[in-house]
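Visitor: Structure incoming, see below.
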Amino acid sequence: MERQTTTARRTGRFPYLLVLPAVLLFAAFVVAPGVYALLLSFQRRKVNGGLLGGGTHTVWAGLANYRDVLGDSDLWSGVTRMLALGAITVPGTVFLALLFAVLLDMERTRLKRITRLTIFLPYAVPGVIASLMWGFLYLPATSPIGGDHVDFFGRTAVFFSVANVAVWGAVGFNMIVIYTALRALPAELHESARLDGATEWQIVLRIKVPLVMPAVVMCCLFTVLAALQVFNEPNTLKPLSNAVSSTWVPLMKIYDDAFGNSDIHAAAATSVVLTVAALAVSFVTARVIQSRFQREAK
């Protein structure tokens, strides 16, 4: 009896041992930096020695950094640009991912493995490398896609240029998610629909797409969160275009405050505000989606 109890205890602890490395890494590289950033956001550097300046020291600033952040016009301009980019990247990424997944799932499609790998490969390219590659494709001197006739870095066109890089890199991952959900559908559904005389596209629109909507919604959530964290694409393209400033999106503003202006406390406050906003957006989106599916289930 005692041996069974000991074995049961060891078995019960085993799952915790398996997740322990992930928990430690999460605590070390996410929780600890987050707590440190929160502490920094309530502090400020103060100059000693009057006008001559005898050095600086850290003082408690309370909510002063947050008031400055929320009143910063550059931050709100960056938020507007980020939302404009999101309005392009989110529907574009999800629509193309769904379209490619549906086409790959059709019986008449040939070379599925090569096509699937080709669509997925851009996701494996690091964001900085992808942005540099597309930057040279946009430049008039090196562009093979009409950069000498089209200003890809114009004040309006730059949004589509940056969004194109983000969509190009994200479609493959989302396509795999939706394609996996399509492959998990019972084959009997397709066969019975064909016996009833349904065409291939009728099966897609009336059976496949409604049944994989949870996967599509999950991809929407992933893409929205990625749009809130856009940084690599505009920051890499900044040296190539005058239309992209150092505070073009919120994360670039945080980077500029921390390393350009050496004001890490303002950068920490902006990071906390952006994190809270991202959590709020994800929470509201998840609740809306959950309530919608619950209503449909009833």
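Order determines the names: the first chain of the structure tokens is A, the second B, and so forth; residues in each chain are numbered 1 upward, and ligands are numbered 1 upward as they are shown.
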At a cut-off of 6 Å, can you tabulate as CSV every residue of segment 121-212 of chain A near segment 76-96 of chain A together with its closest atom pair and the distance in Å to one decimal, using only C-alpha atoms and ordering rows by chain then number?
Guide:
```
residue,atom,partner,partner_atom,distance
A:Ala163,CA,A:Thr89,CA,5.6
A:Val167,CA,A:Thr93,CA,5.3
A:Val171,CA,A:Thr93,CA,5.3
```
Visitor: Near His265 of chain A, within 7 Å and counting only C-alpha atoms, which residues show up once chain neighbours fewer than 6 positions away are dropped, as an MDAnalysis selection string?
Guide: chainID A and resid 40:41 43:44
Visitor: Store the residues picked out above, limited to N, CA, C and O atoms, as a CSV table (one decimal), in the first residue's frame.
Guide:
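Result saved to again.csv:
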```csv
chain,number,residue,atom,x,y,z
A,40,LEU,N,11.0,50.5,-13.3
A,40,LEU,CA,11.6,51.6,-14.0
A,40,LEU,C,10.6,52.7,-14.4
A,40,LEU,O,10.9,53.9,-14.4
A,41,SER,N,9.4,52.2,-14.7
A,41,SER,CA,8.4,53.2,-15.2
A,41,SER,C,7.9,54.2,-14.2
A,41,SER,O,7.4,55.2,-14.5
A,43,GLN,N,10.1,55.5,-12.0
A,43,GLN,CA,11.3,56.3,-11.6
A,43,GLN,C,11.7,57.3,-12.7
A,43,GLN,O,11.2,57.3,-13.8
A,44,ARG,N,12.6,58.1,-12.3
A,44,ARG,CA,13.1,59.2,-13.3
A,44,ARG,C,14.5,59.6,-12.9
A,44,ARG,O,14.8,59.6,-11.7
```
Visitor: Would you mind reading off the distance between atom CA of Ala243 of chain A and atom CA of Val230 of chain A, one decimal, in Å?
Guide: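 Atom CA of Val230 of chain A lies 16.4 Å from atom CA of Ala243 of chain A.
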Visitor: Per DSSP on the backbone, filter segment 15-219 of chain A down to the residues in alpha helix (DSSP H) and report them as a short mmCIF file (atom, residue, chain, number, x, y, z; two decimals) with N, CA and C atoms, in the first residue's frame.
Guide:
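File produced: states-v9.cif:
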```cif
data_model
loop_
_atom_site.label_atom_id
_atom_site.label_comp_id
_atom_site.auth_asym_id
_atom_site.auth_seq_id
_atom_site.Cartn_x
_atom_site.Cartn_y
_atom_site.Cartn_z
N PRO A 15 4.61 15.35 -14.21
CA PRO A 15 4.23 16.41 -15.15
C PRO A 15 4.81 17.78 -14.77
N TYR A 16 4.88 18.05 -13.45
CA TYR A 16 5.45 19.32 -13.01
C TYR A 16 6.94 19.42 -13.33
N LEU A 17 7.64 18.29 -13.24
CA LEU A 17 9.06 18.29 -13.60
C LEU A 17 9.25 18.55 -15.09
N LEU A 18 8.33 18.05 -15.90
CA LEU A 18 8.43 18.25 -17.35
C LEU A 18 8.26 19.72 -17.73
N VAL A 19 7.35 20.42 -17.06
CA VAL A 19 7.10 21.82 -17.41
C VAL A 19 8.00 22.79 -16.65
N LEU A 20 8.78 22.28 -15.70
CA LEU A 20 9.62 23.15 -14.88
C LEU A 20 10.62 23.96 -15.72
N PRO A 21 11.35 23.36 -16.69
CA PRO A 21 12.27 24.19 -17.49
C PRO A 21 11.58 25.34 -18.21
N ALA A 22 10.40 25.08 -18.78
CA ALA A 22 9.67 26.14 -19.47
C ALA A 22 9.24 27.24 -18.51
N VAL A 23 8.81 26.83 -17.30
CA VAL A 23 8.39 27.81 -16.30
C VAL A 23 9.57 28.68 -15.87
N LEU A 24 10.73 28.05 -15.66
CA LEU A 24 11.91 28.81 -15.25
C LEU A 24 12.35 29.79 -16.34
N LEU A 25 12.35 29.34 -17.59
CA LEU A 25 12.72 30.23 -18.68
C LEU A 25 11.72 31.38 -18.82
N PHE A 26 10.43 31.08 -18.67
CA PHE A 26 9.41 32.12 -18.74
C PHE A 26 9.60 33.15 -17.63
N ALA A 32 10.52 38.39 -15.00
CA ALA A 32 11.53 39.24 -14.35
C ALA A 32 11.77 40.54 -15.12
N PRO A 33 12.00 40.50 -16.44
CA PRO A 33 12.14 41.78 -17.17
C PRO A 33 10.88 42.64 -17.10
N GLY A 34 9.71 41.99 -17.09
CA GLY A 34 8.47 42.77 -17.00
C GLY A 34 8.35 43.50 -15.66
N VAL A 35 8.70 42.82 -14.57
CA VAL A 35 8.66 43.45 -13.25
C VAL A 35 9.68 44.58 -13.17
N TYR A 36 10.86 44.37 -13.75
CA TYR A 36 11.90 45.40 -13.74
C TYR A 36 11.47 46.62 -14.55
N ALA A 37 10.83 46.38 -15.71
CA ALA A 37 10.33 47.49 -16.53
C ALA A 37 9.24 48.26 -15.78
N LEU A 38 8.39 47.54 -15.06
CA LEU A 38 7.34 48.22 -14.28
C LEU A 38 7.95 49.10 -13.20
N LEU A 39 9.02 48.61 -12.55
CA LEU A 39 9.70 49.41 -11.53
C LEU A 39 10.34 50.65 -12.15
N LEU A 40 11.00 50.49 -13.29
CA LEU A 40 11.63 51.62 -13.96
C LEU A 40 10.62 52.67 -14.39
N SER A 41 9.40 52.24 -14.72
CA SER A 41 8.41 53.19 -15.22
C SER A 41 7.95 54.17 -14.16
N ALA A 64 4.18 60.26 -13.09
CA ALA A 64 4.59 61.35 -13.98
C ALA A 64 4.98 60.83 -15.37
N ASN A 65 5.69 59.70 -15.42
CA ASN A 65 6.08 59.14 -16.72
C ASN A 65 4.87 58.73 -17.53
N TYR A 66 3.87 58.17 -16.87
CA TYR A 66 2.66 57.75 -17.59
C TYR A 66 1.88 58.96 -18.11
N ARG A 67 1.85 60.04 -17.35
CA ARG A 67 1.18 61.26 -17.84
C ARG A 67 1.90 61.80 -19.07
N ASP A 68 3.23 61.77 -19.04
CA ASP A 68 4.00 62.24 -20.20
C ASP A 68 3.77 61.34 -21.41
N VAL A 69 3.72 60.04 -21.16
CA VAL A 69 3.52 59.09 -22.26
C VAL A 69 2.16 59.29 -22.91
N LEU A 70 1.11 59.37 -22.10
CA LEU A 70 -0.24 59.51 -22.64
C LEU A 70 -0.46 60.86 -23.30
N SER A 73 2.39 63.28 -28.39
CA SER A 73 1.77 63.26 -29.72
C SER A 73 2.47 62.28 -30.65
N ASP A 74 3.79 62.11 -30.48
CA ASP A 74 4.51 61.15 -31.33
C ASP A 74 4.01 59.73 -31.10
N LEU A 75 3.70 59.39 -29.85
CA LEU A 75 3.19 58.06 -29.55
C LEU A 75 1.83 57.84 -30.21
N TRP A 76 0.94 58.80 -30.11
CA TRP A 76 -0.39 58.64 -30.70
C TRP A 76 -0.33 58.61 -32.22
N SER A 77 0.61 59.36 -32.80
CA SER A 77 0.80 59.28 -34.25
C SER A 77 1.28 57.89 -34.64
N GLY A 78 2.18 57.31 -33.82
CA GLY A 78 2.65 55.96 -34.07
C GLY A 78 1.54 54.93 -33.92
N VAL A 79 0.65 55.13 -32.95
CA VAL A 79 -0.49 54.23 -32.77
C VAL A 79 -1.40 54.28 -34.00
N THR A 80 -1.62 55.48 -34.54
CA THR A 80 -2.45 55.62 -35.74
C THR A 80 -1.84 54.87 -36.92
N ARG A 81 -0.53 54.99 -37.09
CA ARG A 81 0.14 54.26 -38.18
C ARG A 81 0.07 52.76 -37.95
N MET A 82 0.24 52.34 -36.70
CA MET A 82 0.16 50.92 -36.39
C MET A 82 -1.23 50.36 -36.71
N LEU A 83 -2.27 51.11 -36.40
CA LEU A 83 -3.63 50.67 -36.71
C LEU A 83 -3.86 50.62 -38.22
N ALA A 84 -3.28 51.59 -38.94
CA ALA A 84 -3.41 51.57 -40.40
C ALA A 84 -2.73 50.35 -40.99
N LEU A 85 -1.54 50.03 -40.46
CA LEU A 85 -0.86 48.81 -40.91
C LEU A 85 -1.67 47.56 -40.58
N GLY A 86 -2.24 47.54 -39.37
CA GLY A 86 -3.05 46.39 -38.98
C GLY A 86 -4.27 46.21 -39.86
N ALA A 87 -4.84 47.32 -40.31
CA ALA A 87 -6.01 47.23 -41.19
C ALA A 87 -5.66 46.59 -42.53
N ILE A 88 -4.38 46.61 -42.89
CA ILE A 88 -3.94 45.97 -44.14
C ILE A 88 -3.45 44.55 -43.87
N THR A 89 -2.63 44.39 -42.84
CA THR A 89 -1.97 43.10 -42.62
C THR A 89 -2.91 42.02 -42.10
N VAL A 90 -3.82 42.37 -41.19
CA VAL A 90 -4.68 41.35 -40.58
C VAL A 90 -5.61 40.70 -41.61
N PRO A 91 -6.45 41.48 -42.32
CA PRO A 91 -7.31 40.81 -43.33
C PRO A 91 -6.52 40.20 -44.47
N GLY A 92 -5.43 40.85 -44.89
CA GLY A 92 -4.63 40.31 -45.99
C GLY A 92 -4.00 38.97 -45.63
N THR A 93 -3.43 38.88 -44.44
CA THR A 93 -2.78 37.64 -44.02
C THR A 93 -3.79 36.50 -43.87
N VAL A 94 -4.89 36.77 -43.18
CA VAL A 94 -5.87 35.71 -42.91
C VAL A 94 -6.55 35.27 -44.21
N PHE A 95 -6.89 36.22 -45.08
CA PHE A 95 -7.55 35.85 -46.33
C PHE A 95 -6.65 34.99 -47.21
N LEU A 96 -5.39 35.39 -47.37
CA LEU A 96 -4.47 34.62 -48.21
C LEU A 96 -4.19 33.25 -47.58
N ALA A 97 -4.04 33.20 -46.26
CA ALA A 97 -3.80 31.92 -45.59
C ALA A 97 -4.98 30.98 -45.80
N LEU A 98 -6.20 31.49 -45.68
CA LEU A 98 -7.38 30.66 -45.89
C LEU A 98 -7.49 30.22 -47.34
N LEU A 99 -7.22 31.12 -48.26
CA LEU A 99 -7.29 30.79 -49.69
C LEU A 99 -6.29 29.71 -50.05
N PHE A 100 -5.04 29.86 -49.63
CA PHE A 100 -4.02 28.86 -49.94
C PHE A 100 -4.34 27.52 -49.30
N ALA A 101 -4.83 27.54 -48.05
CA ALA A 101 -5.16 26.30 -47.37
C ALA A 101 -6.30 25.56 -48.09
N VAL A 102 -7.30 26.31 -48.52
CA VAL A 102 -8.43 25.70 -49.23
C VAL A 102 -7.98 25.13 -50.57
N LEU A 103 -7.14 25.86 -51.29
CA LEU A 103 -6.66 25.37 -52.59
C LEU A 103 -5.80 24.11 -52.42
N LEU A 104 -4.98 24.07 -51.39
CA LEU A 104 -4.15 22.89 -51.15
C LEU A 104 -4.98 21.68 -50.73
N ASP A 105 -6.13 21.93 -50.14
CA ASP A 105 -6.97 20.83 -49.65
C ASP A 105 -7.85 20.23 -50.76
N LYS A 112 1.26 19.20 -54.13
CA LYS A 112 0.86 19.80 -52.86
C LYS A 112 2.03 20.01 -51.91
N ARG A 113 2.92 19.02 -51.82
CA ARG A 113 4.02 19.13 -50.86
C ARG A 113 4.96 20.27 -51.21
N ILE A 114 5.32 20.39 -52.49
CA ILE A 114 6.22 21.46 -52.91
C ILE A 114 5.55 22.81 -52.73
N THR A 115 4.27 22.90 -53.11
CA THR A 115 3.55 24.17 -52.99
C THR A 115 3.42 24.57 -51.53
N ARG A 116 3.09 23.61 -50.66
CA ARG A 116 2.95 23.90 -49.24
C ARG A 116 4.27 24.39 -48.65
N LEU A 117 5.36 23.74 -49.04
CA LEU A 117 6.68 24.15 -48.55
C LEU A 117 7.05 25.54 -49.07
N THR A 118 6.73 25.81 -50.32
CA THR A 118 7.05 27.11 -50.92
C THR A 118 6.30 28.24 -50.21
N ILE A 119 5.04 28.00 -49.87
CA ILE A 119 4.26 29.03 -49.19
C ILE A 119 4.76 29.23 -47.76
N PHE A 120 5.22 28.14 -47.13
CA PHE A 120 5.65 28.23 -45.74
C PHE A 120 7.05 28.82 -45.59
N LEU A 121 7.90 28.66 -46.59
CA LEU A 121 9.30 29.07 -46.47
C LEU A 121 9.51 30.53 -46.04
N PRO A 122 8.74 31.51 -46.55
CA PRO A 122 8.97 32.89 -46.09
C PRO A 122 8.86 33.07 -44.58
N TYR A 123 8.06 32.22 -43.91
CA TYR A 123 7.94 32.31 -42.46
C TYR A 123 9.26 31.96 -41.77
N ALA A 124 10.08 31.12 -42.43
CA ALA A 124 11.36 30.72 -41.85
C ALA A 124 12.44 31.78 -42.04
N GLY A 127 12.77 38.25 -39.85
CA GLY A 127 12.11 39.48 -40.26
C GLY A 127 13.06 40.54 -40.79
N VAL A 128 14.25 40.65 -40.18
CA VAL A 128 15.22 41.66 -40.63
C VAL A 128 15.72 41.33 -42.03
N ILE A 129 16.02 40.05 -42.27
CA ILE A 129 16.50 39.63 -43.59
C ILE A 129 15.42 39.86 -44.64
N ALA A 130 14.18 39.51 -44.30
CA ALA A 130 13.08 39.72 -45.24
C ALA A 130 12.89 41.19 -45.55
N SER A 131 13.00 42.05 -44.54
CA SER A 131 12.83 43.49 -44.76
C SER A 131 13.95 44.05 -45.63
N LEU A 132 15.19 43.59 -45.40
CA LEU A 132 16.31 44.03 -46.25
C LEU A 132 16.11 43.59 -47.70
N MET A 133 15.68 42.36 -47.87
CA MET A 133 15.47 41.83 -49.22
C MET A 133 14.41 42.65 -49.95
N TRP A 134 13.27 42.87 -49.29
CA TRP A 134 12.22 43.65 -49.94
C TRP A 134 12.63 45.11 -50.10
N GLY A 135 13.46 45.62 -49.19
CA GLY A 135 13.94 46.99 -49.34
C GLY A 135 14.73 47.18 -50.62
N PHE A 136 15.58 46.22 -50.95
CA PHE A 136 16.33 46.30 -52.21
C PHE A 136 15.42 46.10 -53.42
N LEU A 137 14.34 45.33 -53.24
CA LEU A 137 13.37 45.18 -54.32
C LEU A 137 12.59 46.47 -54.55
N TYR A 138 12.44 47.28 -53.50
CA TYR A 138 11.71 48.54 -53.62
C TYR A 138 12.58 49.67 -54.17
N ALA A 157 2.22 55.03 -49.96
CA ALA A 157 2.63 53.72 -50.45
C ALA A 157 3.49 52.97 -49.44
N VAL A 158 4.16 53.69 -48.54
CA VAL A 158 5.04 53.03 -47.59
C VAL A 158 4.26 52.11 -46.65
N PHE A 159 2.99 52.44 -46.39
CA PHE A 159 2.18 51.55 -45.55
C PHE A 159 1.99 50.20 -46.23
N PHE A 160 1.72 50.21 -47.53
CA PHE A 160 1.53 48.96 -48.26
C PHE A 160 2.86 48.23 -48.43
N SER A 161 3.96 48.99 -48.56
CA SER A 161 5.27 48.36 -48.69
C SER A 161 5.64 47.62 -47.40
N VAL A 162 5.42 48.26 -46.25
CA VAL A 162 5.72 47.62 -44.97
C VAL A 162 4.77 46.45 -44.72
N ALA A 163 3.48 46.67 -45.02
CA ALA A 163 2.50 45.61 -44.81
C ALA A 163 2.78 44.40 -45.70
N ASN A 164 3.28 44.64 -46.90
CA ASN A 164 3.60 43.54 -47.81
C ASN A 164 4.66 42.61 -47.21
N VAL A 165 5.67 43.21 -46.57
CA VAL A 165 6.73 42.40 -45.95
C VAL A 165 6.14 41.56 -44.81
N ALA A 166 5.28 42.17 -43.99
CA ALA A 166 4.68 41.44 -42.87
C ALA A 166 3.78 40.32 -43.35
N VAL A 167 2.96 40.59 -44.36
CA VAL A 167 2.04 39.58 -44.88
C VAL A 167 2.83 38.44 -45.52
N TRP A 168 3.84 38.79 -46.30
CA TRP A 168 4.66 37.78 -46.99
C TRP A 168 5.27 36.79 -45.99
N GLY A 169 5.67 37.29 -44.83
CA GLY A 169 6.32 36.42 -43.85
C GLY A 169 5.36 35.66 -42.96
N ALA A 170 4.10 36.12 -42.84
CA ALA A 170 3.17 35.51 -41.88
C ALA A 170 2.17 34.57 -42.51
N VAL A 171 1.96 34.66 -43.81
CA VAL A 171 0.93 33.84 -44.46
C VAL A 171 1.21 32.35 -44.29
N GLY A 172 2.46 31.94 -44.44
CA GLY A 172 2.80 30.52 -44.41
C GLY A 172 2.42 29.84 -43.11
N PHE A 173 2.73 30.48 -41.98
CA PHE A 173 2.39 29.88 -40.68
C PHE A 173 0.89 29.74 -40.52
N ASN A 174 0.14 30.80 -40.83
CA ASN A 174 -1.31 30.76 -40.68
C ASN A 174 -1.94 29.78 -41.66
N MET A 175 -1.35 29.64 -42.85
CA MET A 175 -1.85 28.67 -43.81
C MET A 175 -1.73 27.25 -43.26
N ILE A 176 -0.60 26.94 -42.61
CA ILE A 176 -0.40 25.61 -42.02
C ILE A 176 -1.44 25.34 -40.93
N VAL A 177 -1.74 26.34 -40.12
CA VAL A 177 -2.72 26.16 -39.06
C VAL A 177 -4.10 25.83 -39.64
N ILE A 178 -4.52 26.59 -40.65
CA ILE A 178 -5.84 26.36 -41.24
C ILE A 178 -5.84 25.06 -42.04
N TYR A 179 -4.76 24.78 -42.75
CA TYR A 179 -4.68 23.55 -43.55
C TYR A 179 -4.75 22.31 -42.65
N THR A 180 -4.11 22.37 -41.49
CA THR A 180 -4.18 21.25 -40.55
C THR A 180 -5.61 21.04 -40.07
N ALA A 181 -6.32 22.13 -39.82
CA ALA A 181 -7.72 22.00 -39.40
C ALA A 181 -8.58 21.41 -40.53
N LEU A 182 -8.29 21.78 -41.76
CA LEU A 182 -9.03 21.23 -42.90
C LEU A 182 -8.78 19.73 -43.04
N ARG A 183 -7.54 19.32 -42.86
CA ARG A 183 -7.21 17.90 -43.00
C ARG A 183 -7.82 17.05 -41.90
N ALA A 187 -13.75 12.86 -43.85
CA ALA A 187 -13.91 12.76 -45.31
C ALA A 187 -15.35 12.48 -45.71
N GLU A 188 -16.14 11.91 -44.80
CA GLU A 188 -17.53 11.58 -45.13
C GLU A 188 -18.35 12.83 -45.45
N LEU A 189 -17.99 13.96 -44.83
CA LEU A 189 -18.72 15.20 -45.11
C LEU A 189 -18.56 15.61 -46.57
N HIS A 190 -17.33 15.53 -47.09
CA HIS A 190 -17.09 15.92 -48.48
C HIS A 190 -17.79 14.95 -49.43
N GLU A 191 -17.66 13.66 -49.11
CA GLU A 191 -18.23 12.65 -50.01
C GLU A 191 -19.75 12.74 -50.08
N SER A 192 -20.41 12.95 -48.94
CA SER A 192 -21.87 13.06 -48.95
C SER A 192 -22.32 14.30 -49.68
N ALA A 193 -21.55 15.40 -49.55
CA ALA A 193 -21.91 16.63 -50.26
C ALA A 193 -21.76 16.44 -51.77
N ARG A 194 -20.72 15.71 -52.20
CA ARG A 194 -20.55 15.47 -53.64
C ARG A 194 -21.67 14.57 -54.17
N LEU A 195 -22.08 13.61 -53.37
CA LEU A 195 -23.18 12.75 -53.80
C LEU A 195 -24.48 13.53 -53.94
N GLU A 200 -17.24 21.78 -55.99
CA GLU A 200 -16.08 21.89 -55.09
C GLU A 200 -16.12 23.19 -54.28
N TRP A 201 -16.47 24.30 -54.93
CA TRP A 201 -16.50 25.57 -54.23
C TRP A 201 -17.69 25.68 -53.29
N GLN A 202 -18.79 25.02 -53.59
CA GLN A 202 -19.90 24.97 -52.64
C GLN A 202 -19.52 24.21 -51.38
N ILE A 203 -18.76 23.14 -51.55
CA ILE A 203 -18.26 22.40 -50.39
C ILE A 203 -17.34 23.28 -49.54
N VAL A 209 -15.17 25.94 -44.79
CA VAL A 209 -14.87 27.21 -44.12
C VAL A 209 -15.62 27.36 -42.80
N PRO A 210 -16.95 27.07 -42.73
CA PRO A 210 -17.61 27.17 -41.43
C PRO A 210 -17.03 26.25 -40.36
N LEU A 211 -16.58 25.06 -40.76
CA LEU A 211 -16.07 24.11 -39.77
C LEU A 211 -14.67 24.47 -39.27
N MET A 213 -13.66 27.63 -38.86
CA MET A 213 -13.69 29.00 -38.35
C MET A 213 -12.93 29.18 -37.05
N PRO A 214 -12.94 28.20 -36.10
CA PRO A 214 -12.11 28.39 -34.90
C PRO A 214 -10.63 28.57 -35.22
N ALA A 215 -10.11 27.83 -36.20
CA ALA A 215 -8.71 28.00 -36.60
C ALA A 215 -8.50 29.35 -37.26
N VAL A 216 -9.46 29.78 -38.07
CA VAL A 216 -9.35 31.09 -38.73
C VAL A 216 -9.36 32.21 -37.69
N VAL A 217 -10.23 32.08 -36.70
CA VAL A 217 -10.30 33.10 -35.64
C VAL A 217 -9.01 33.13 -34.84
N MET A 218 -8.43 31.97 -34.55
CA MET A 218 -7.16 31.92 -33.84
C MET A 218 -6.07 32.62 -34.65
N CYS A 219 -6.06 32.40 -35.96
CA CYS A 219 -5.09 33.10 -36.81
C CYS A 219 -5.32 34.60 -36.79
#
```
Visitor: Quick check, in Å to one decimal: how far apart do atom CA of Lys46 of chain A and atom CA of Asp263 of chain A lie?
Guide: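 So the answer is 11.3 Å.
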Visitor: Where does DSSP see strand (DSSP E or B) in segment 26-273 of chain A, if you list the residues as a VMD selection string?
Guide: chain A and resid 43 to 47 56 to 60
Visitor: Could you list, as a list in words, every residue within 7 Å of Leu251 of chain A, counting only C-alpha atoms and ignoring same-chain residues fewer than 2 positions away?
Guide: Gln229, Phe231, Val249, Lys253, Ile254 and Tyr255 of chain A
Visitor: How far is it from atom CA of Thr156 of chain A to atom CA of Val244 of chain A, in Å with one decimal?
Guide: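 Result for atom CA of Thr156 of chain A versus atom CA of Val244 of chain A: 10.9 Å, one decimal.
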Visitor: Let me make sure I understand: among A:Val204, A:Thr247, A:Ala268, A:Gly260, which one has the smallest atom-to-atom distance to Glu107 of chain A if we use only C-alpha atoms?
Guide: A:Val204
Visitor: Env of Leu139 of chain A: 8 Å cut, atoms = only C-alpha atoms, seq-sep filter 4 positions within chain, self excluded. Answer as a PDB file with C-alpha atoms, in the first residue's frame.
Guide:
```
ATOM      1  CA  GLY A 135      13.939  46.987 -49.341  1.00  0.00           C
ATOM      2  CA  SER A 143      14.348  47.104 -58.110  1.00  0.00           C
ATOM      3  CA  GLY A 147      10.809  50.664 -58.342  1.00  0.00           C
ATOM      4  CA  ASP A 148      12.094  53.190 -60.901  1.00  0.00           C
ATOM      5  CA  PHE A 152       7.266  52.342 -52.956  1.00  0.00           C
ATOM      6  CA  LEU A 240      15.918  53.546 -47.111  1.00  0.00           C
TER       7      LEU A 240
END
```
Visitor: For a quick check of understanding, using only C-alpha atoms, which of A:Leu185, A:Ala227, A:Val272, A:Leu221 has the smallest distance to Ala286 of chain A?
Guide: A:Leu221
